[in-house]
file model_8.txt (compact mmCIF, C-alpha atoms and all ligand atoms)
# COMPACT_ATOMS: atom_id res chain seq x y z
CA MET A 1 -9.87 -23.27 -17.29
CA SER A 2 -9.17 -19.57 -16.78
CA SER A 3 -10.43 -17.82 -13.64
CA GLN A 4 -12.61 -14.74 -13.60
CA ILE A 5 -11.44 -11.29 -12.49
CA ARG A 6 -14.23 -8.74 -12.13
CA THR A 7 -13.97 -4.96 -12.43
CA ASP A 8 -17.77 -4.50 -12.37
CA TRP A 9 -18.33 -4.88 -8.60
CA THR A 10 -21.23 -2.86 -7.23
CA ARG A 11 -21.11 -1.06 -3.90
CA GLU A 12 -24.00 -3.27 -2.73
CA GLU A 13 -22.06 -6.46 -3.47
CA ILE A 14 -19.04 -5.15 -1.60
CA ALA A 15 -21.21 -4.08 1.35
CA GLU A 16 -22.71 -7.60 1.40
CA LEU A 17 -19.23 -9.12 1.57
CA PHE A 18 -18.33 -6.87 4.51
CA ALA A 19 -21.54 -7.92 6.28
CA LEU A 20 -20.97 -11.68 5.97
CA PRO A 21 -20.53 -13.67 9.17
CA PHE A 22 -16.80 -13.28 9.93
CA THR A 23 -15.96 -16.98 9.59
CA GLU A 24 -17.79 -17.22 6.25
CA LEU A 25 -15.99 -14.11 4.95
CA LEU A 26 -12.63 -15.54 5.99
CA PHE A 27 -13.40 -18.91 4.42
CA ARG A 28 -14.27 -17.24 1.10
CA ALA A 29 -11.22 -14.98 1.17
CA ALA A 30 -8.89 -17.87 2.04
CA THR A 31 -10.39 -19.93 -0.79
CA VAL A 32 -9.75 -17.16 -3.35
CA HIS A 33 -6.29 -16.67 -1.90
CA ARG A 34 -5.36 -20.33 -2.39
CA GLU A 35 -6.55 -20.27 -5.98
CA PHE A 36 -4.19 -17.46 -6.95
CA HIS A 37 -1.31 -17.38 -4.44
CA PRO A 38 0.85 -19.79 -2.45
CA PRO A 39 -0.90 -19.30 0.94
CA GLU A 40 2.12 -20.12 3.09
CA GLN A 41 4.31 -17.48 1.40
CA VAL A 42 4.45 -13.80 2.32
CA GLN A 43 6.55 -11.27 0.46
CA LEU A 44 9.11 -9.33 2.51
CA CYS A 45 9.51 -5.67 1.57
CA THR A 46 11.67 -2.93 3.01
CA LEU A 47 10.78 0.75 3.12
CA LEU A 48 13.13 3.70 2.99
CA SER A 49 12.30 7.37 3.23
CA ILE A 50 14.62 8.89 0.62
CA LYS A 51 13.35 12.43 1.24
CA THR A 52 11.80 13.12 4.61
CA GLY A 53 9.40 15.80 5.90
CA GLY A 54 8.53 19.34 4.88
CA CYS A 55 5.77 18.21 2.50
CA GLU A 56 3.42 20.84 1.04
CA GLU A 57 0.37 18.59 1.31
CA ASP A 58 -1.84 18.54 4.42
CA CYS A 59 -2.73 14.82 4.70
CA GLY A 60 -4.36 14.57 8.14
CA TYR A 61 -2.50 11.39 9.11
CA CYS A 62 1.01 12.23 7.99
CA ALA A 63 4.06 12.93 10.15
CA GLN A 64 5.76 14.55 7.16
CA SER A 65 3.32 17.33 6.33
CA ALA A 66 4.69 20.86 6.83
CA HIS A 67 1.15 21.81 7.94
CA HIS A 68 1.47 19.77 11.17
CA ASP A 69 3.84 20.25 14.07
CA THR A 70 5.11 16.72 14.62
CA GLY A 71 8.70 17.53 15.59
CA LEU A 72 10.03 15.62 12.56
CA LYS A 73 13.30 16.90 11.13
CA ALA A 74 13.04 17.52 7.37
CA SER A 75 15.86 16.38 5.12
CA LYS A 76 16.88 16.62 1.47
CA LEU A 77 16.79 13.87 -1.14
CA MET A 78 19.37 11.24 -0.15
CA ASP A 79 22.44 10.57 -2.29
CA ALA A 80 22.06 7.68 -4.69
CA GLN A 81 25.03 5.82 -3.16
CA GLU A 82 23.50 5.96 0.31
CA VAL A 83 20.18 4.63 -1.00
CA LEU A 84 21.99 1.78 -2.77
CA GLN A 85 23.79 0.89 0.46
CA ARG A 86 20.49 0.67 2.30
CA ALA A 87 19.04 -1.45 -0.50
CA ALA A 88 21.97 -3.85 -0.23
CA GLN A 89 21.37 -4.17 3.53
CA ALA A 90 17.69 -4.89 2.87
CA LYS A 91 18.61 -7.58 0.37
CA ASP A 92 21.03 -9.17 2.84
CA ALA A 93 18.26 -9.19 5.44
CA GLY A 94 16.12 -11.26 3.01
CA SER A 95 13.93 -8.58 1.43
CA GLN A 96 12.66 -9.16 -2.10
CA ARG A 97 11.32 -5.68 -2.69
CA PHE A 98 12.62 -2.19 -1.91
CA CYS A 99 10.08 0.63 -1.59
CA MET A 100 11.28 4.21 -1.56
CA GLY A 101 9.17 7.16 -0.45
CA ALA A 102 9.62 10.91 -0.80
CA ALA A 103 7.62 13.53 1.07
CA TRP A 104 6.71 15.47 -2.02
CA ARG A 105 3.47 16.77 -3.51
CA ASN A 106 5.21 15.89 -6.79
CA PRO A 107 8.81 15.44 -7.93
CA LYS A 108 10.46 18.40 -9.68
CA ASP A 109 11.95 17.67 -13.09
CA ARG A 110 15.39 18.49 -11.68
CA ASP A 111 15.00 15.56 -9.21
CA MET A 112 14.36 13.01 -11.92
CA PRO A 113 17.95 12.17 -12.99
CA LYS A 114 18.86 11.13 -9.42
CA ILE A 115 15.61 9.17 -9.05
CA VAL A 116 16.34 7.37 -12.34
CA GLU A 117 19.88 6.55 -11.16
CA ILE A 118 18.46 5.11 -7.92
CA VAL A 119 15.86 2.95 -9.71
CA LYS A 120 18.48 1.54 -12.07
CA GLY A 121 20.91 0.83 -9.23
CA VAL A 122 18.38 -0.91 -6.97
CA ARG A 123 17.08 -2.99 -9.85
CA ALA A 124 20.60 -4.04 -10.81
CA MET A 125 20.86 -5.64 -7.33
CA GLY A 126 18.00 -7.96 -8.24
CA LEU A 127 15.47 -6.25 -5.98
CA GLU A 128 11.96 -5.38 -7.08
CA THR A 129 11.59 -1.59 -7.03
CA CYS A 130 8.70 0.59 -5.88
CA MET A 131 8.66 4.36 -5.57
CA THR A 132 6.15 6.76 -4.08
CA LEU A 133 6.94 10.37 -4.93
CA GLY A 134 3.52 12.05 -5.09
CA MET A 135 1.75 13.17 -8.27
CA LEU A 136 3.44 12.43 -11.61
CA THR A 137 3.14 13.99 -15.04
CA PRO A 138 2.86 11.56 -17.99
CA ARG A 139 6.47 12.42 -18.88
CA GLN A 140 7.78 11.67 -15.38
CA ALA A 141 5.89 8.35 -15.41
CA ASP A 142 7.53 7.51 -18.75
CA GLN A 143 10.96 8.37 -17.35
CA LEU A 144 10.39 6.00 -14.42
CA ALA A 145 9.18 3.28 -16.79
CA GLU A 146 12.29 3.67 -18.94
CA ALA A 147 14.46 3.40 -15.82
CA GLY A 148 12.80 0.02 -15.20
CA LEU A 149 10.67 0.91 -12.14
CA ASP A 150 8.51 -2.13 -11.27
CA TYR A 151 5.78 -0.44 -9.19
CA TYR A 152 4.55 3.06 -8.38
CA ASN A 153 2.70 3.55 -5.07
CA HIS A 154 0.03 6.23 -4.93
CA ASN A 155 -2.76 5.59 -2.44
CA ILE A 156 -6.38 6.63 -2.80
CA ASP A 157 -6.41 6.35 1.01
CA SER A 158 -10.20 6.22 1.60
CA SER A 159 -13.60 6.51 -0.04
CA PRO A 160 -14.18 9.39 -2.47
CA GLU A 161 -16.58 10.88 0.13
CA TYR A 162 -14.19 10.70 3.09
CA TYR A 163 -11.12 11.77 1.12
CA GLU A 164 -11.83 15.47 1.38
CA ARG A 165 -12.16 15.20 5.17
CA VAL A 166 -8.58 13.91 5.33
CA ILE A 167 -6.75 16.00 2.70
CA SER A 168 -7.62 19.48 1.39
CA THR A 169 -4.60 20.23 -0.81
CA ARG A 170 -5.52 17.76 -3.58
CA THR A 171 -8.52 15.76 -4.72
CA MET A 172 -9.23 12.09 -5.31
CA GLU A 173 -9.39 12.97 -9.04
CA ASP A 174 -5.76 14.20 -8.88
CA ARG A 175 -4.85 10.86 -7.36
CA LEU A 176 -6.70 8.90 -10.06
CA ASP A 177 -5.03 11.01 -12.80
CA THR A 178 -1.58 10.02 -11.56
CA LEU A 179 -2.65 6.37 -11.35
CA GLY A 180 -3.75 6.69 -15.00
CA ASN A 181 -0.35 8.16 -15.97
CA VAL A 182 1.43 5.31 -14.18
CA ARG A 183 -0.76 2.70 -15.89
CA SER A 184 -0.28 4.30 -19.33
CA ALA A 185 3.49 4.28 -18.84
CA GLY A 186 3.33 0.51 -18.29
CA ILE A 187 4.41 0.56 -14.62
CA ASN A 188 2.60 -1.76 -12.18
CA VAL A 189 0.16 0.15 -10.01
CA CYS A 190 0.33 0.01 -6.20
CA SER A 191 -2.64 1.73 -4.59
CA GLY A 192 -4.43 1.23 -1.31
CA GLY A 193 -5.22 3.25 1.76
CA ILE A 194 -5.57 3.66 5.49
CA ILE A 195 -8.16 2.09 7.77
CA GLY A 196 -8.98 3.64 11.14
CA MET A 197 -9.07 7.34 10.24
CA GLY A 198 -12.55 7.73 11.71
CA GLU A 199 -14.22 6.59 8.49
CA THR A 200 -17.42 4.51 8.50
CA ARG A 201 -17.98 0.97 7.20
CA GLU A 202 -19.64 2.62 4.17
CA ASP A 203 -16.38 4.51 3.52
CA ARG A 204 -14.42 1.27 3.68
CA VAL A 205 -16.90 -0.18 1.16
CA GLY A 206 -16.36 2.88 -1.08
CA PHE A 207 -12.58 2.57 -0.72
CA VAL A 208 -12.47 -1.07 -1.86
CA HIS A 209 -15.09 -0.34 -4.54
CA THR A 210 -12.95 2.46 -6.05
CA LEU A 211 -9.94 0.16 -6.37
CA ALA A 212 -11.84 -2.93 -7.49
CA THR A 213 -13.64 -1.06 -10.29
CA LEU A 214 -10.57 0.62 -11.81
CA PRO A 215 -10.24 -0.45 -15.47
CA GLN A 216 -7.47 -2.79 -14.27
CA HIS A 217 -6.97 -3.77 -10.63
CA PRO A 218 -3.83 -2.39 -8.97
CA GLU A 219 -1.23 -5.17 -8.96
CA SER A 220 -0.54 -4.19 -5.37
CA VAL A 221 -2.97 -3.02 -2.67
CA PRO A 222 -1.43 -1.80 0.61
CA VAL A 223 -3.87 -1.81 3.51
CA ASN A 224 -2.50 0.38 6.31
CA ALA A 225 -3.92 0.78 9.81
CA LEU A 226 -3.54 4.38 10.91
CA VAL A 227 -0.34 4.89 12.89
CA PRO A 228 -1.33 7.71 15.19
CA VAL A 229 1.30 10.45 15.06
CA LYS A 230 1.22 13.17 17.73
CA GLY A 231 0.71 16.61 16.18
CA THR A 232 -1.30 15.34 13.19
CA PRO A 233 -5.07 15.98 13.20
CA LEU A 234 -5.85 12.26 12.99
CA GLY A 235 -3.19 11.15 15.47
CA ASP A 236 -4.48 13.69 17.97
CA MET A 237 -8.08 12.66 17.31
CA LEU A 238 -7.17 9.09 18.23
CA ALA A 239 -5.29 10.20 21.35
CA ASP A 240 -8.41 12.10 22.51
CA THR A 241 -10.86 9.33 21.59
CA PRO A 242 -9.07 5.99 22.05
CA LEU A 243 -12.32 4.14 21.30
CA ALA A 244 -12.07 5.42 17.72
CA LYS A 245 -9.16 3.00 17.12
CA ILE A 246 -10.08 0.56 14.39
CA ASP A 247 -11.31 -2.78 15.66
CA ASP A 248 -8.97 -5.60 14.56
CA ILE A 249 -11.85 -7.68 13.23
CA GLU A 250 -13.04 -4.81 11.02
CA PHE A 251 -9.48 -4.39 9.73
CA VAL A 252 -9.31 -8.11 8.89
CA ARG A 253 -12.70 -7.84 7.14
CA THR A 254 -11.27 -5.07 4.93
CA VAL A 255 -8.28 -7.25 4.01
CA ALA A 256 -10.63 -10.16 3.21
CA VAL A 257 -12.91 -8.06 1.00
CA ALA A 258 -9.89 -6.65 -0.87
CA ARG A 259 -8.66 -10.22 -1.43
CA ILE A 260 -12.04 -11.48 -2.72
CA THR A 261 -12.64 -8.53 -5.06
CA MET A 262 -9.05 -8.28 -6.37
CA PRO A 263 -7.90 -11.92 -6.44
CA LEU A 264 -4.63 -11.47 -8.31
CA SER A 265 -3.35 -8.42 -6.44
CA MET A 266 -0.69 -8.54 -3.78
CA VAL A 267 -2.57 -7.39 -0.65
CA ARG A 268 -0.05 -5.78 1.63
CA LEU A 269 -0.45 -5.72 5.40
CA SER A 270 1.36 -2.40 5.64
CA ALA A 271 1.58 0.20 8.41
CA GLY A 272 0.05 -0.49 11.82
CA ARG A 273 1.36 -4.00 12.60
CA GLU A 274 3.21 -2.54 15.60
CA SER A 275 -0.05 -2.19 17.45
CA MET A 276 -1.59 -5.47 16.23
CA SER A 277 -1.44 -8.73 18.15
CA GLU A 278 0.14 -11.79 16.54
CA ALA A 279 -3.34 -13.31 16.40
CA ALA A 280 -4.72 -10.32 14.47
CA GLN A 281 -1.82 -10.50 12.00
CA ALA A 282 -2.40 -14.25 11.59
CA LEU A 283 -6.05 -13.52 10.71
CA CYS A 284 -4.85 -10.99 8.10
CA PHE A 285 -2.69 -13.70 6.49
CA LEU A 286 -5.63 -16.10 6.56
CA ALA A 287 -7.77 -13.37 4.95
CA GLY A 288 -5.31 -13.11 2.07
CA ALA A 289 -2.64 -10.59 3.01
CA ASN A 290 0.59 -11.77 1.42
CA SER A 291 3.15 -9.06 1.97
CA ILE A 292 4.60 -7.16 4.93
CA PHE A 293 7.15 -4.45 5.56
CA THR A 294 10.10 -5.77 7.52
CA GLY A 295 12.71 -3.90 9.52
CA ASP A 296 12.31 -1.68 12.56
CA LYS A 297 11.13 1.44 10.73
CA LEU A 298 8.46 2.24 8.15
CA LEU A 299 9.06 5.70 6.65
CA THR A 300 9.19 7.71 9.87
CA THR A 301 7.39 5.53 12.44
CA PRO A 302 8.50 2.30 14.18
CA ASN A 303 7.80 -1.15 12.71
CA ALA A 304 7.72 -4.60 14.30
CA GLY A 305 11.38 -5.46 13.49
CA ASP A 306 13.04 -8.48 11.91
CA ASP A 307 13.37 -10.57 15.07
CA SER A 308 9.70 -10.43 16.00
CA ASP A 309 8.72 -11.09 12.36
CA ALA A 310 11.00 -14.11 12.17
CA ALA A 311 9.45 -15.43 15.39
CA LEU A 312 5.93 -14.81 14.05
CA PHE A 313 6.70 -16.55 10.73
CA ALA A 314 8.17 -19.55 12.58
CA LYS A 315 5.10 -19.77 14.82
CA LEU A 316 2.71 -19.57 11.86
CA GLY A 317 4.78 -21.75 9.49
CA LEU A 318 5.01 -18.92 6.96
CA THR A 319 7.96 -18.45 4.61
CA ALA A 320 9.24 -15.56 2.51
CA LEU A 321 7.78 -15.41 -1.01
CA LYS A 322 9.99 -17.03 -3.59
CA GLY A 323 9.64 -16.33 -7.28
CA GLU A 324 7.30 -14.15 -9.22
CA GLU A 325 4.11 -12.50 -8.04
CA PRO A 326 1.12 -14.17 -9.75
CA MET A 327 0.09 -11.11 -11.74
CA ARG A 328 3.55 -10.98 -13.25
CA ALA A 329 3.80 -14.72 -13.87
CA GLY A 330 1.47 -14.52 -16.88
CA ARG A 331 -1.42 -16.42 -15.34
CA GLU A 332 -4.42 -16.81 -17.64
CA VAL A 333 -7.57 -15.05 -16.43
CA GLU A 334 -10.83 -13.83 -17.92
CA VAL A 335 -11.54 -10.18 -17.07
CA VAL A 336 -15.20 -9.17 -16.69
CA GLY A 337 -16.36 -5.57 -16.40
N1 LIG A 401 4.17 11.77 -0.64
C1 LIG A 401 3.83 10.59 -1.31
C2 LIG A 401 2.33 10.35 -1.34
O1 LIG A 401 1.62 10.79 -0.48
O2 LIG A 401 1.91 9.67 -2.25
C3 LIG A 401 4.51 9.36 -0.78
C4 LIG A 401 4.72 9.10 0.67
S1 LIG A 401 3.27 8.85 1.67
C5 LIG A 401 3.96 8.86 3.29
C6 LIG A 401 2.79 7.17 1.34
C7 LIG A 401 1.54 6.64 2.03
O3 LIG A 401 1.82 6.29 3.37
C8 LIG A 401 0.35 7.55 2.12
O4 LIG A 401 -0.40 7.58 0.95
C9 LIG A 401 -0.46 6.92 3.25
O5 LIG A 401 -1.43 6.03 2.73
C10 LIG A 401 0.60 6.17 4.06
N2 LIG A 401 0.75 6.76 5.39
C11 LIG A 401 1.34 7.94 5.69
N3 LIG A 401 1.27 8.20 7.01
C12 LIG A 401 0.61 7.17 7.58
C13 LIG A 401 0.21 6.87 8.92
N4 LIG A 401 0.45 7.70 9.92
N5 LIG A 401 -0.45 5.72 9.15
C14 LIG A 401 -0.70 4.87 8.12
N6 LIG A 401 -0.36 5.10 6.85
C15 LIG A 401 0.28 6.24 6.57
C1 LIG A 402 1.90 2.46 2.00
O1 LIG A 402 0.71 2.32 1.69
N1 LIG A 402 2.37 2.33 3.24
C2 LIG A 402 3.78 2.63 3.29
C3 LIG A 402 4.13 2.75 1.78
N2 LIG A 402 2.87 2.74 1.14
C4 LIG A 402 4.96 3.85 1.31
C5 LIG A 402 4.08 3.84 4.12
C6 LIG A 402 3.58 3.73 5.53
C7 LIG A 402 3.98 4.94 6.27
C8 LIG A 402 3.60 4.89 7.72
C9 LIG A 402 3.89 6.15 8.45
C10 LIG A 402 5.32 6.53 8.54
O2 LIG A 402 6.20 5.70 8.85
O3 LIG A 402 5.59 7.73 8.39
FE1 LIG A 403 3.13 14.55 1.82
FE2 LIG A 403 2.68 12.02 1.17
FE3 LIG A 403 2.68 12.80 3.75
FE4 LIG A 403 0.68 13.55 2.18
S1 LIG A 403 1.20 11.43 2.74
S2 LIG A 403 1.81 14.87 3.61
S3 LIG A 403 1.73 13.82 0.23
S4 LIG A 403 4.39 12.81 2.37
call {"tool": "encode", "arguments": {"input": "model_8.txt", "output": "structure tokens", "more": "lines below"}}
Ligand code: SAM
Ligand code: DTB
Ligand code: SF4
result
Amino acid sequence: MSSQIRTDWTREEIAELFALPFTELLFRAATVHREFHPPEQVQLCTLLSIKTGGCEEDCGYCAQSAHHDTGLKASKLMDAQEVLQRAAQAKDAGSQRFCMGAAWRNPKDRDMPKIVEIVKGVRAMGLETCMTLGMLTPRQADQLAEAGLDYYNHNIDSSPEYYERVISTRTMEDRLDTLGNVRSAGINVCSGGIIGMGETREDRVGFVHTLATLPQHPESVPVNALVPVKGTPLGDMLADTPLAKIDDIEFVRTVAVARITMPLSMVRLSAGRESMSEAAQALCFLAGANSIFTGDKLLTTPNAGDDSDAALFAKLGLTALKGEEPMRAGREVEVVG
């Protein structure tokens, strides 16, 4: 029998999931997780900033925005050979997926040949490829598809209502347009957001609702906890009001609701693990998170590091994902909505 995937979730239904007793919510999320994914396997991904800092956008959380004084040194797009070297190191360290980020509002057409060369090279190593380069035109999305890019990451970050409090240089509609271009080009969509930016529960409901009611769920949903960066409006807000830090249980609830509403998607426990206890991370895995970023650096901020991840996996009996992600393995489902 095929399983049902819904794209007709209402905000009320999603709010009800958030409000469930925590143990009940986790039980439901873990049950959905087991139906669609091997629960003891977590995908290992490595991030690389291929073009750092000096970004025109004013995202309130970001170390790389030229609008904030974060002390970060800006650099140009890396050479393809250097990127390929770093990808090879990631593969040797056991990573299955290589995610490359550029601090751009959008790539310029003159950047595309090098980007295409990088995608082809990383793919030829047998790594899954993901890029996040900002807004794309339909043509640029097609160029990436032709190069063989597996995923494009472009986060909606928060609810439509809270979005404009975080970023003023573009709109949620701009974001959704690029996601549409990526989808039309036939590239897998990676889209998620950040929890702990001072948003309300209702915003977290609106965030999950926006993703879960897209015509097709993103194949990949990164859930980041805000990494407070000094000099950014949101990092400074958190430094001034430490109580505003997201509660771990509320973060786990968000992961669980994403898992229940988007059963086939890879739910990625992304930025913010540095400040999470092992117990909180274990709850995220129980709630259906099945991917992490490994290594000691995310794009610009520190990450847990391979040794502590290996120790955590050994403690929890988790192993690195082997084989295809379920959405790509041609599983039969009935889509409603
Ligand atoms: N410039 C491109 C863009 O914005 O799409 C790609 C790079 S951008 C750094 C990728 C994502 O990282 C953002 O959409 C945001 O969700 C996440 N991110 C950036 N800074 C973060 C922080 N301090 N804490 C948590 N997540 C963050
Ligand atoms: C995503 O949602 N999280 C990753 C990836 N997509 C590109 C990036 C996290 C960045 C954290 C802040 C930094 O290191 O600058
Ligand atoms: Fe630029 Fe992306 Fe950072 Fe926003 S999140 S400032 S678009 S690098």
call {"tool": "atom_distance", "arguments": {"input": "model_8.txt", "atom1": "CA of Lys315 (chain A)", "atom2": "atom C9 of ligand LIG 402 (chain A)"}}
result
26.7 Å
call {"tool": "residues_around", "arguments": {"input": "model_8.txt", "residues": "Ala88 (chain A)", "least_positions_apart": "5", "cutoff": "12 Å", "atoms": "only C-alpha atoms", "output": "NGL selection string"}}
result
:A and (46 or 81-83 or 93-98 or 121-127)
call {"tool": "residues_near_ligand", "arguments": {"input": "model_8.txt", "ligand": "ligand LIG 402 (chain A)", "cutoff": "8 Å", "atoms": "all atoms listed in the file", "output": "MDAnalysis selection string"}}
result
chainID A and resid 47 62:64 99:101 131:132 153:155 191:194 221:224 226:227 270:272 297:302
call {"tool": "residues_near_ligand", "arguments": {"input": "model_8.txt", "ligand": "ligand LIG 403 (chain A)", "cutoff": "6 Å", "atoms": "all atoms listed in the file", "output": "PyMOL selection string"}}
result
chain A and resi 55+57-59+62+64-65+103-105+134
call {"tool": "closest_atom_pairs", "arguments": {"input": "model_8.txt", "of": "region 198-314 of chain A", "to": "region 146-151 of chain A", "cutoff": "10 Å", "atoms": "only C-alpha atoms", "output": "Markdown table"}}
result
| residue | atom | partner | partner_atom | distance |
| --- | --- | --- | --- | --- |
| A:Pro218 | CA | A:Tyr151 | CA | 9.8 |
| A:Glu219 | CA | A:Tyr151 | CA | 8.5 |
| A:Ser220 | CA | A:Tyr151 | CA | 8.3 |
call {"tool": "residues_around", "arguments": {"input": "model_8.txt", "residues": "Arg11 (chain A)", "least_positions_apart": "2", "cutoff": "8 Å", "atoms": "all atoms listed in the file", "output": "PyMOL selection string"}}
result
chain A and resi 9+13-15+205-206+209
call {"tool": "closest_residue", "arguments": {"input": "model_8.txt", "among": "A:Ala30, A:Ile50, A:Val229, A:Cys130", "to": "Lys114 (chain A)", "atoms": "only C-alpha atoms"}}
result
A:Ile50
call {"tool": "atom_distance", "arguments": {"input": "model_8.txt", "atom1": "CA of Gly295 (chain A)", "atom2": "atom C4 of ligand LIG 401 (chain A)"}}
result
17.6 Å
call {"tool": "atom_distance", "arguments": {"input": "model_8.txt", "atom1": "atom S1 of ligand LIG 401 (chain A)", "atom2": "CA of Arg170 (chain A)"}}
result
13.6 Å
call {"tool": "residues_around", "arguments": {"input": "model_8.txt", "residues": "Val336 (chain A)", "least_positions_apart": "2", "cutoff": "12 Å", "atoms": "all atoms listed in the file", "output": "list of chain:residue names"}}
result
A:Ser3, A:Gln4, A:Ile5, A:Arg6, A:Thr7, A:Asp8, A:Trp9, A:Ala212, A:Thr213, A:Leu214, A:Pro215, A:Gln216, A:His217, A:Thr261, A:Val333, A:Glu334
call {"tool": "closest_residue", "arguments": {"input": "model_8.txt", "among": "A:Gly288, A:Pro113, A:Gly60, A:Gly337", "to": "ligand LIG 401 (chain A)", "atoms": "only C-alpha atoms and all ligand atoms"}}
result
A:Gly60
call {"tool": "closest_residue", "arguments": {"input": "model_8.txt", "among": "A:Asp203, A:Asp236, A:Glu12, A:Glu278", "to": "ligand LIG 401 (chain A)", "atoms": "all atoms listed in the file"}}
result
A:Asp236
call {"tool": "closest_residue", "arguments": {"input": "model_8.txt", "among": "A:Arg175, A:Lys120, A:Arg201, A:Lys76", "to": "ligand LIG 401 (chain A)", "atoms": "all atoms listed in the file"}}
result
A:Arg175
